[in-house]
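Please read the structure below before turning to the comments.
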Amino acid sequence: MEKKVFKRTGGLTDIPMRYCPGCGHGIIHRLVAEVIEELGVQKRTIGIAPVGCSVFADEYFNCDMIQPPHGRGPAVATGMKRIRPDCVVFSYQGDGDLASIGMAETVHAAARAENITIIFVNNAIYGMTGGQMAPTTLIGMKSTTSPFGRDVKRAGYPIRMCEFLAALDAPGYLVRVSVHKPANVMKAKKAVKKAFQVQMEGLGFSMVEIISQCPTDWFLTPLQAVEYVEKQMIPYYPLGEYKTPFKKEEGKKEAKDKIEVEFRTDFN
Amino acid sequence: MYQGVIMSGFGGQGIVSAGILLANAGMIEDKYVTFFPAYGAEMRGGTANCSVVVSSEEVSSPVVARPDTVIVMNEPSLHRFESQLKPGGLMLINSSLVAAKPKREDIEIVFVDANTIAEKIGTLKVANMVMLGAYSKKTGAVNVDSLIKSLPKVYKKAKEDMLKKNQEALRKGMEEV
Amino acid sequence: MTERILMKGNEALAEGAVRAGCRFFAGYPITPQNEIPEYMSWRLPEVGGTFIQAESEVAAINMIFGASACGARVMTSSSGPGISLKQEGISYIAGAEIPIFYADIMRGGPGLGNIAPAQGDYFQATRGGGHGDYRVIVFAPNSVIEMGNFPRICYELADKYRMPSMILADGLLGQMMEPIVYDFEPIDPKDFPEKDYLLGCTEGRERRVVRSYDLRPGYLEKNTLKLEKKFKSIEENEVRYDDTNMEGADLVMVAFGTASRVCKSAIPLAKEAGMKVGLLRPITLWPFPMKVLRQIADEVEHILVVEMNIGQMVEDVKLAVEGKSQVHFYGRPSGSVPVTEEIFEQVKMILKK
């Protein structure tokens with residue numbers, strides 16, 4: 001007799017995704033959807049789609065969804081969660097959405113300790129508009145608005161959001177993960193689950209920054225893109241937990257230097 | 001009956017609360033009233049003024065461009081509003097703080113030594129009430145009893161003792177004119 | 001509340017919103033509307049509501065977007081500079097057909113301008129304000145009583161038509177005090193009409209999506225044409241205005257808000273001087289009372305539009321009368337409030353008396 005060892009998560013709709021080959025969004029959508037399903041909160045989850053490639057998240061996630069203006073996800077999430085504290089509210093955002101145009105909304109939602117979860121997909125580029133420079137574009141990285149490579153004299157430095165938000169007292173859970181290798185994908189899922197659990201336990205603002213790959217706008221093959229994440233992105237954006245309510249006081253520096261993450265497993 | 005009045009002085013002299021008190025008194029007499037404060041950018045120490053209309057008929061314009069009465073609590077207010085006062089209008093001047101005299105001869109001028117009277121009552125803060133008492137007696141726009149009845153409604157946080165001092169100041173003001 | 005109480009326009013507006021069932025307010029400080037958030041900050045918690053001082057007007061409008069999509073009666077307020085910032089959100093909300101209510105307590109502009117009463121935001125309010133094809137229902141109160149009682153109507157219309165509604169008032173109406181009585185009993189949020197588009201719990205129903213975009217060719221057009229139909233129905237059914245002394249008038253003044261009160265005060269002066277002058281006051285600025293103006297234009301030679309700006313509503317008046325009457329304009333922009341005598345002078349000039 002055959003045994004079913006893999007099935008499509010009910011957390012996603014049947015609509016086929018239209019992301020490019022090698023793009024991280026599909027994986028990340030799936031992780032979030034699986035977590036929602038596993039936590040048994042699918043019937044009371046509201047998702048917020050960003051503006052950018054993943055604007056279509058409102059078609060893909062199999063729960064109530066809203067699509068607000070570019071960068072305003074955390075503000076919309078604030079209004080929703082305050083009115084429906086019984087619901088699980090997550091805002092799915094890209095780097096332009098979260099760290100550029102929506103920086104104020106992000107920082108203040110975090111500072112107010114809004115009990116919401118942010119899934120922050122950092123692929124260092126504006127995908128949908130055609131590969132322009134993002135606030136997280138690495139130094140020297142080429143984009144259609146930094147064609148000679150990001151020059152710090154003209155375009156400044158990339159922003160590390162986890163480290164930035166960790167300076168605030170309020171956030172409950174801040175973590176950076178990646179989805180460029182199977183092992184990292186598994187860790188990413190655990191981080192997403194933990195972030196949702198932080199919200200469900202009322203422990204405040206949680207954000208999972210996910211380093212993702214964009215082969216199309218990086219002008220790389222999917223394989224080369226994975227290598228780029230490993231060799232270029234992660235050294236600048238170290239993986240790890242930057243704030244967690246589950247451990248004793250952890251020095252910022254310690255977290256920052258730590259690349260491999262130890263996840264608490266007693267939730268799983 | 002229509003009385004458009006402008007009260008003016010320094011910020012902190014209780015100009016706005018005196019205006020609200022007058023409007024409230026008019027309201028409980030079932031008259032039509034409007035109150036409009038000049039809401040400047042300064043929080044303290046600047047000039048403060050407000051306009052109040054008390055009328056037996058519906059108040060169309062809340063803007064008091066040609067006041068029937070001007071209550072002058074400091075010298076800059078005298079210069080600012082002298083020309084706006086209607087011919088035959090009333091100017092009530094706090095003579096404790098205003099040394100200058102109006103140049104116009106087509107208006108009625110009444111001096112009230114408001115600060116001195118207030119000090120005798122025990123606090124300078126009630127100088128505004130002295131002026132308001134004088135105003136109610138001179139114009140009959142509202143009855144002093146209505147002003148007294150309005151005191152706890154306007155000064156919601158005031159202690160009993162302070163309400164009494166305000167009351168006394170209103171009455172003393174009446175006696176002055 | 002049958003007893004008349006003396007209230008500031010801004011506070012009457014805030015209280016009126018709470019009585020109409022508002023349970024969520026997000027705003028950012030700006031003069032001359034600060035009494036609204038200040039009032040909400042203590043009043044909403046009393047009724048189990050939520051007040052948030054947002055980091056910006058941009059965040060505030062989006063907070064109420066989210067809260068309304070989850071079923072609350074919501075409000076935000078600002079003055080011109082802040083309303084400009086909110087326009088992005090208002091456009092999305094209009095596109096997503098979510099009801100919201102907001103107030104613009106106008107000050108002098110453009111730019112930072114000043115904090116004095118003005119009516120320079122008429123265009124912004126009546127044309128939608130943000131990008132794209134949409135309208136917002138605009139009420140223009142002219143007294144503290146109306147500041148307090150209009151929010152209920154605004155909420156009802158916002159719910160009925162699933163769109164933003166607003167109060168457009170100048171700083172004088174926000175700052176002045178007048179006696180007020182509310183003409184309605186407080187509304188319990190439990191009694192709100194049922195909405196089949198709210199987000200939250202999907203138990204026993206299909207998932208819902210609130211969005212303002214549709215990238216499929218032709219689909220957005222269909223949706224916008226649907227909006228157009230809705231707007232036409234509002235233009236047909238929701239026009240409100242007030243008129244005074246219209247019988248046999250030689251000249252009709254058209255004004256809203258504070259300017260309409262100053263105009264009204266000029267009527268007795270004109271009467272004394274033997275002139276028949278009427279006043280039409282649009283209460284809804286959108287939908288605009290086009291039909292009644294067209295009728296007036298059939299009978300009256302002169303129309304005088306008075307505004308606290310350099311001429312905005314006058315364009316709508318001209319559209320309505322289609323050249324049948326002479327339309328005159330008198331405006332005091334950027335913080336100056338006209339006085340009775342000024343209006344009377346204009347009337348005399350036009351009627352050559």
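The chains in the structure tokens are called A, B, ... from first to last as shown; in each chain the residues are counted from 1, and the ligands are counted from 1 in the order shown.
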
Please determine the contact residues of chain B with respect to chain C at a cut-off of 7 Å, counting only C-alpha atoms, and supply them as a VMD selection string.
chain B and resid 24 27 33 to 37 60 to 61 63 65

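Residues lying within 7 Å of segment 48-62 of chain A, counting only C-alpha atoms and ignoring same-chain neighbours fewer than 3 positions away, are Gly11, Leu12, Thr13, Ile15, Ala33, Met65, Ile66, Gln67, Pro68, Pro69, His70, Gly71, Gly73, Phe90, Ser91, Tyr92, Gln93, Gly94, Asp97, Gly127 and Met128 of chain A; Arg207 and Val209 of chain C.
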
Check segment 40-268 of chain A with DSSP on the backbone and list each residue it calls alpha helix (DSSP H), as a ChimeraX atom specification.
/A:57-60,73-83,95-96,103-111,152-155,161-166,182-200,215-218,222-228,234-236,252-257

Which residues are near Ala158 of chain C? Cut-off 10 Å, only C-alpha atoms, ignore same chain within fewer than 4 positions. Put them as an MDAnalysis selection string.
chainID C and resid 73 97:101 136:137 152:154 162:166

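When the distance limit is 6 Å and only C-alpha atoms are what count, the residues near Met91 of chain B, minus those fewer than 4 positions from it on the same chain, are Thr69, Val70 and Ile109 of chain B.
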
For the residues in that selection, give me N, CA, C and O atoms as a compact mmCIF listing (two decimals), in the first residue's frame.
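What follows is the written file selection01.txt:
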# COMPACT_ATOMS: atom_id res chain seq x y z
N THR B 69 -18.47 95.72 22.58
CA THR B 69 -17.67 95.93 23.79
C THR B 69 -16.29 95.32 23.61
O THR B 69 -16.16 94.25 23.01
N VAL B 70 -15.29 96.02 24.12
CA VAL B 70 -13.95 95.42 24.17
C VAL B 70 -13.50 95.45 25.63
O VAL B 70 -13.56 96.50 26.29
N ILE B 109 -15.90 104.81 27.91
CA ILE B 109 -14.72 104.20 28.50
C ILE B 109 -14.93 104.03 30.01
O ILE B 109 -15.32 104.97 30.70

What are the DSSP strand (DSSP E) residues of segment 151-341 of chain C, as number ranges by chain?
C: 164-170, 177-180, 209-210, 241-244, 251-254, 277-282, 284-286, 302-307, 326-331

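Residues of chain A having any atom within 7 Å of chain C, counting only C-alpha atoms, are A:Lys43, A:Arg44, A:Thr45, A:Ile46, A:Asp58, A:Asn62, A:Cys63, A:Asp64, A:Met65, A:Ile66, A:Gln67, A:Pro68, A:Pro69, A:Arg72, A:Ala75, A:Val76, A:Ala77, A:Thr78, A:Gly79, A:Met80, A:Ile83, A:Arg84, A:Cys87, A:Glu105, A:His108.
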
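We find atom CA of Leu124 of chain B and atom CA of Ile20 of chain B to be spaced 19.1 Å apart.
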
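Near Lys324 of chain C, within 8 Å and counting only C-alpha atoms, sit C:Ala297, C:Asp298, C:Glu301; same-chain residues fewer than 6 positions away were not included.
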
At what distance in Å, to one decimal, does atom CA of Met161 of chain A lie from atom CA of Tyr237 of chain A?
9.2 Å

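If you count only C-alpha atoms and ignore residues fewer than 4 places along the chain from Gly204 of chain A, what sits within 12 Å of it is Thr78, Lys81, Pro85, Val89, Ala109, Ala110, Ala111, Arg112, Ala113, Glu114, Asn115, Ile116, Thr117, Ile118, Asp169, Ala170, Pro171, Gly172, Tyr173, Leu174, Ala195, Phe196, Gln197, Val198, Gln199, Met200, Lys243, Thr244 and Pro245 of chain A.
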
Which residues, written as a count of residues only, have at least one atom at most 9 Å from Pro76 of chain B, with only C-alpha atoms counted and residues fewer than 3 positions away on the same chain left out?
10

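One finds atom CA of Gln33 of chain C at 23.4 Å from atom CA of Arg135 of chain C.
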
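With only C-alpha atoms as the atoms that count, the residue of A:Cys162, A:Glu209, A:Ile101, A:Glu34 with the shortest distance to Phe120 of chain A is A:Glu209.
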
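Among the candidates B:Asn74, B:Lys157, B:Val144, B:Lys101, the residue lying nearest to Gly11 of chain B is B:Asn74 (atoms considered: only C-alpha atoms).
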